[in-house]
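Take a look at the structure set out below.
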Amino acid sequence: MHYGPMSDLQRSPFFTDVLLSVGGWSFHIWKEKITVGPLLSSPNSNSYLICGRWSPTRPGVFYISKADGTIEVWDLVDRSHVASCVQNVSSIAISSMSIHHYGKFHTYHQFIAAGDDQGTLHILEVPRNLIRQTKNEKSIVRTFFDREVRRLNYVTSRKQQRARDRPRFEAAILEALAATNKANEINEKEKNATNLSNENIAQNQQESGGPPGSAGKVSSGTMNNTSSALDKEEEEYLKLEREVLLATGTLILEIPENA
């Protein structure tokens, strides 16, 4: 988890199963018997992290020293994604750090002794708000750690479930792709068959010597034949009518003089 060698490991004075590891460009908070990952991981810093210390009086406060000479103050009750405060101590790396709290008669006096790479000792007094616990702070921090454990377990179970479901999802995707390809092949075959049919019709028309659309002319010839049959029936009807008129004397024929 650390992008570099781990340079410090500290156990919480309030939770004996919680540890703080520092190294590389990040720190992590771990819980014993939880092997799937850390409860909390810091974002990568722009400088190397060297050591870390828990507050002896507040369960949710710890300090991180860095190679750029600064000390970060992390308060989990306040926020957990960024440091609550950053104090510039030296121009070179803070390689050692220790926190001293002075007995019950000086409850509100706490000091940080920080040593840099040049051997200089820096003494910092801790402000009162970082010494006194807030109301129910220990239970709040414990609840925070327990919630992170449940989150890790849920994420792990989801990863395992996705790994089990992955072959089925991949098979479904392959089936869908195969069905799509088959449908495309069928459409292509139907399209080719239609084009081939049109080409055969055009070729047959060219071989018969008729221009395209000759089928329409055949239909016109059929209509002409039907019209001729009707005309013939009308002529026969007129002939029969004439014979009837002659028989009844209604129609008188004029005989030519030279007949």
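Following the order of the structure tokens, first chain is A, next is B, and so on, with residues numbered from 1 inside each chain and ligands from 1 in the order they appear.
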Show me, as a VMD selection string, the residues that have an atom within 12 Å of Gly69 of chain A when counting only C-alpha atoms, minus same-chain residues fewer than 4 positions from it. chain A and resid 47 to 51 64 to 65 86 to 97 114 to 118 120 122
Could you write out that same residue set with N, CA and C atoms as a short mmCIF file (atom, residue, chain, number, x, y, z; two decimals), in the first residue's frame?
data_model
loop_
_atom_site.label_atom_id
_atom_site.label_comp_id
_atom_site.auth_asym_id
_atom_site.auth_seq_id
_atom_site.Cartn_x
_atom_site.Cartn_y
_atom_site.Cartn_z
N SER A 47 5.29 15.56 -0.80
CA SER A 47 6.60 15.34 -0.19
C SER A 47 6.55 14.06 0.64
N TYR A 48 7.72 13.56 0.95
CA TYR A 48 7.84 12.28 1.63
C TYR A 48 7.36 12.39 3.07
N LEU A 49 6.60 11.35 3.53
CA LEU A 49 6.16 11.29 4.93
C LEU A 49 7.15 10.45 5.73
N ILE A 50 7.49 10.92 6.94
CA ILE A 50 8.57 10.27 7.69
C ILE A 50 8.06 9.57 8.94
N CYS A 51 7.36 10.27 9.81
CA CYS A 51 6.92 9.62 11.04
C CYS A 51 5.52 10.10 11.44
N ILE A 64 1.57 13.93 11.67
CA ILE A 64 2.41 13.37 10.61
C ILE A 64 3.51 14.38 10.28
N SER A 65 4.79 13.94 10.36
CA SER A 65 5.89 14.82 9.96
C SER A 65 6.30 14.50 8.52
N VAL A 86 -1.83 22.43 9.21
CA VAL A 86 -0.46 22.16 8.77
C VAL A 86 0.44 23.24 9.39
N GLN A 87 1.47 22.80 10.13
CA GLN A 87 2.39 23.72 10.79
C GLN A 87 3.77 23.61 10.17
N ASN A 88 4.30 24.72 9.69
CA ASN A 88 5.65 24.76 9.13
C ASN A 88 6.65 24.89 10.28
N VAL A 89 7.57 23.92 10.41
CA VAL A 89 8.50 23.88 11.54
C VAL A 89 9.92 24.19 11.11
N SER A 90 10.36 23.60 9.99
CA SER A 90 11.74 23.74 9.56
C SER A 90 11.78 23.76 8.04
N SER A 91 12.96 24.12 7.52
CA SER A 91 13.15 24.13 6.07
C SER A 91 13.64 22.79 5.56
N ILE A 92 13.95 21.87 6.46
CA ILE A 92 14.40 20.53 6.07
C ILE A 92 13.51 19.50 6.76
N ALA A 93 13.76 18.23 6.46
CA ALA A 93 12.86 17.15 6.90
C ALA A 93 12.83 17.02 8.42
N ILE A 94 11.61 16.75 8.94
CA ILE A 94 11.43 16.43 10.36
C ILE A 94 11.55 14.91 10.48
N SER A 95 12.66 14.44 11.02
CA SER A 95 12.96 13.01 11.04
C SER A 95 12.55 12.32 12.33
N SER A 96 12.21 13.08 13.35
CA SER A 96 11.84 12.48 14.63
C SER A 96 10.81 13.37 15.32
N MET A 97 9.90 12.73 16.06
CA MET A 97 8.85 13.51 16.70
C MET A 97 8.37 12.75 17.94
N ALA A 114 10.20 18.00 18.05
CA ALA A 114 10.44 17.59 16.66
C ALA A 114 11.90 17.84 16.32
N GLY A 115 12.59 16.83 15.82
CA GLY A 115 13.99 16.97 15.43
C GLY A 115 14.13 16.86 13.92
N ASP A 116 14.96 17.73 13.32
CA ASP A 116 15.14 17.70 11.88
C ASP A 116 16.44 17.00 11.51
N ASP A 117 16.73 16.92 10.21
CA ASP A 117 17.89 16.18 9.72
C ASP A 117 19.21 16.85 10.09
N GLN A 118 19.18 18.10 10.47
CA GLN A 118 20.41 18.80 10.87
C GLN A 118 20.67 18.72 12.37
N THR A 120 18.59 19.78 14.76
CA THR A 120 17.95 20.85 15.52
C THR A 120 16.67 20.34 16.16
N HIS A 122 13.06 21.18 17.82
CA HIS A 122 12.02 22.21 17.83
C HIS A 122 10.94 21.78 18.83
#
Non-local contacts of segment 150-162 of chain A (8 Å; only C-alpha atoms; under 3 positions in same chain excluded) as number ranges by chain: A: 36-37, 39, 146-147, 165-166
DSSP on the backbone: which residues in segment 10-247 of chain A end up as helix (DSSP H, G or I)? Give the answer as a count of residues only. 111
Can you tell me which residues surround Gly24 of chain A at a distance of at most 10 Å, considering only C-alpha atoms, apart from same-chain residues fewer than 2 positions away, and format the answer as a list of chain:residue names?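 Once the nearby chain positions are removed, what remains is A:Met1, A:His2, A:Tyr3, A:Gly4, A:Pro5, A:Met6, A:Ser7, A:Val22, A:Ser26, A:Phe27, A:Asn44, A:Ser45, A:Ser47, A:Tyr48, A:Leu49, A:Ile50.
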Dump of N, CA, C and O atoms for the selected residues, as a PDB file, in the first residue's frame:
ATOM      1  N   MET A   1       0.813  -1.209   0.000  1.00  0.00           N
ATOM      2  CA  MET A   1       0.000   0.000   0.000  1.00  0.00           C
ATOM      3  C   MET A   1       0.849   1.262   0.000  1.00  0.00           C
ATOM      4  O   MET A   1       0.418   2.301  -0.451  1.00  0.00           O
ATOM      5  N   HIS A   2       2.072   1.178   0.540  1.00  0.00           N
ATOM      6  CA  HIS A   2       2.958   2.341   0.586  1.00  0.00           C
ATOM      7  C   HIS A   2       3.843   2.350  -0.664  1.00  0.00           C
ATOM      8  O   HIS A   2       4.421   1.330  -1.033  1.00  0.00           O
ATOM      9  N   TYR A   3       3.939   3.530  -1.294  1.00  0.00           N
ATOM     10  CA  TYR A   3       4.822   3.681  -2.448  1.00  0.00           C
ATOM     11  C   TYR A   3       6.218   4.050  -1.956  1.00  0.00           C
ATOM     12  O   TYR A   3       6.720   5.144  -2.183  1.00  0.00           O
ATOM     13  N   GLY A   4       6.819   3.117  -1.253  1.00  0.00           N
ATOM     14  CA  GLY A   4       8.127   3.340  -0.664  1.00  0.00           C
ATOM     15  C   GLY A   4       8.217   2.584   0.645  1.00  0.00           C
ATOM     16  O   GLY A   4       7.228   2.013   1.125  1.00  0.00           O
ATOM     17  N   PRO A   5       9.391   2.557   1.277  1.00  0.00           N
ATOM     18  CA  PRO A   5       9.539   1.835   2.543  1.00  0.00           C
ATOM     19  C   PRO A   5       8.727   2.475   3.666  1.00  0.00           C
ATOM     20  O   PRO A   5       8.594   3.702   3.734  1.00  0.00           O
ATOM     21  N   MET A   6       8.152   1.636   4.514  1.00  0.00           N
ATOM     22  CA  MET A   6       7.389   2.148   5.662  1.00  0.00           C
ATOM     23  C   MET A   6       8.380   2.601   6.738  1.00  0.00           C
ATOM     24  O   MET A   6       9.223   1.826   7.186  1.00  0.00           O
ATOM     25  N   SER A   7       8.284   3.851   7.146  1.00  0.00           N
ATOM     26  CA  SER A   7       9.266   4.431   8.060  1.00  0.00           C
ATOM     27  C   SER A   7       8.790   4.507   9.502  1.00  0.00           C
ATOM     28  O   SER A   7       9.601   4.743  10.401  1.00  0.00           O
ATOM     29  N   VAL A  22       3.199   4.800   8.401  1.00  0.00           N
ATOM     30  CA  VAL A  22       3.652   5.962   7.634  1.00  0.00           C
ATOM     31  C   VAL A  22       4.799   5.523   6.741  1.00  0.00           C
ATOM     32  O   VAL A  22       5.719   4.821   7.186  1.00  0.00           O
ATOM     33  N   SER A  26       2.304   8.551   1.666  1.00  0.00           N
ATOM     34  CA  SER A  26       0.978   8.399   2.263  1.00  0.00           C
ATOM     35  C   SER A  26       1.087   7.708   3.613  1.00  0.00           C
ATOM     36  O   SER A  26       2.114   7.128   3.960  1.00  0.00           O
ATOM     37  N   PHE A  27      -0.001   7.774   4.366  1.00  0.00           N
ATOM     38  CA  PHE A  27      -0.123   7.009   5.606  1.00  0.00           C
ATOM     39  C   PHE A  27      -1.432   6.222   5.548  1.00  0.00           C
ATOM     40  O   PHE A  27      -2.348   6.530   4.778  1.00  0.00           O
ATOM     41  N   ASN A  44      -2.059  10.987  -1.787  1.00  0.00           N
ATOM     42  CA  ASN A  44      -0.608  11.093  -1.957  1.00  0.00           C
ATOM     43  C   ASN A  44      -0.150  12.522  -1.723  1.00  0.00           C
ATOM     44  O   ASN A  44      -0.719  13.475  -2.269  1.00  0.00           O
ATOM     45  N   SER A  45       0.883  12.646  -0.923  1.00  0.00           N
ATOM     46  CA  SER A  45       1.433  13.958  -0.588  1.00  0.00           C
ATOM     47  C   SER A  45       2.455  14.381  -1.638  1.00  0.00           C
ATOM     48  O   SER A  45       2.977  13.565  -2.399  1.00  0.00           O
ATOM     49  N   SER A  47       5.291  15.561  -0.798  1.00  0.00           N
ATOM     50  CA  SER A  47       6.602  15.343  -0.191  1.00  0.00           C
ATOM     51  C   SER A  47       6.555  14.062   0.636  1.00  0.00           C
ATOM     52  O   SER A  47       5.484  13.565   0.986  1.00  0.00           O
ATOM     53  N   TYR A  48       7.716  13.561   0.947  1.00  0.00           N
ATOM     54  CA  TYR A  48       7.841  12.277   1.631  1.00  0.00           C
ATOM     55  C   TYR A  48       7.358  12.392   3.074  1.00  0.00           C
ATOM     56  O   TYR A  48       7.657  13.367   3.771  1.00  0.00           O
ATOM     57  N   LEU A  49       6.601  11.352   3.532  1.00  0.00           N
ATOM     58  CA  LEU A  49       6.160  11.295   4.933  1.00  0.00           C
ATOM     59  C   LEU A  49       7.146  10.452   5.730  1.00  0.00           C
ATOM     60  O   LEU A  49       7.590   9.396   5.270  1.00  0.00           O
ATOM     61  N   ILE A  50       7.489  10.923   6.945  1.00  0.00           N
ATOM     62  CA  ILE A  50       8.572  10.272   7.688  1.00  0.00           C
ATOM     63  C   ILE A  50       8.064   9.572   8.943  1.00  0.00           C
ATOM     64  O   ILE A  50       8.319   8.387   9.151  1.00  0.00           O
TER      65      ILE A  50
END
Find the residues around Leu9 of chain A up to 7 Å (only C-alpha atoms counted), leave out those fewer than 2 positions away in its own chain, and share them as a ChimeraX atom specification. /A:11,19-22
Can you write out the residues you just picked, keeping C-alpha atoms, as an mmCIF file, in the first residue's frame?
data_model
loop_
_atom_site.group_PDB
_atom_site.id
_atom_site.type_symbol
_atom_site.label_atom_id
_atom_site.label_comp_id
_atom_site.auth_asym_id
_atom_site.auth_seq_id
_atom_site.Cartn_x
_atom_site.Cartn_y
_atom_site.Cartn_z
ATOM 1 C CA ARG A 11 -0.426 1.693 17.854
ATOM 2 C CA LEU A 19 -2.381 1.013 14.020
ATOM 3 C CA LEU A 20 -0.979 3.979 12.079
ATOM 4 C CA SER A 21 1.609 3.238 9.357
ATOM 5 C CA VAL A 22 3.652 5.962 7.634
#
Between atom CA of Arg58 of chain A and atom CA of Ile131 of chain A - distance in Å to one decimal: 6.3 Å
Residue nearest Gln110 of chain A - candidates A:Asn181, A:Ser80, A:Thr70, A:Thr57, atoms counted: only C-alpha atoms: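 Selected residue with least distance to Gln110 of chain A: A:Thr57.
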Enter the distance from atom CA of Pro56 of chain A to atom CA of Gly119 of chain A, in Å, rounded to one decimal. 25.0 Å
Please identify the strand (DSSP E) residues within segment 14-152 of chain A (assignment by DSSP from backbone atoms) and present them as a ChimeraX atom specification. /A:18-23,26-31,40-41,49-54,61-66,70-75,85-88,94-101,110-116,121-125
Pick from A:Val149, A:Gln203, A:Ser12, A:Ile140: nearest to Lys33 of chain A, with only C-alpha atoms counted?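 That would be A:Val149, the residue with the smallest distance to Lys33 of chain A.
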With only C-alpha atoms as the atoms that count, which of A:Val18, A:Asp78, A:Asp8, A:His100 lies nearest to Lys66 of chain A? A:Asp8
Within 8 Å of Glu125 of chain A using only C-alpha atoms, minus same-chain residues under 3 positions, as a VMD selection string: chain A and resid 109 to 112
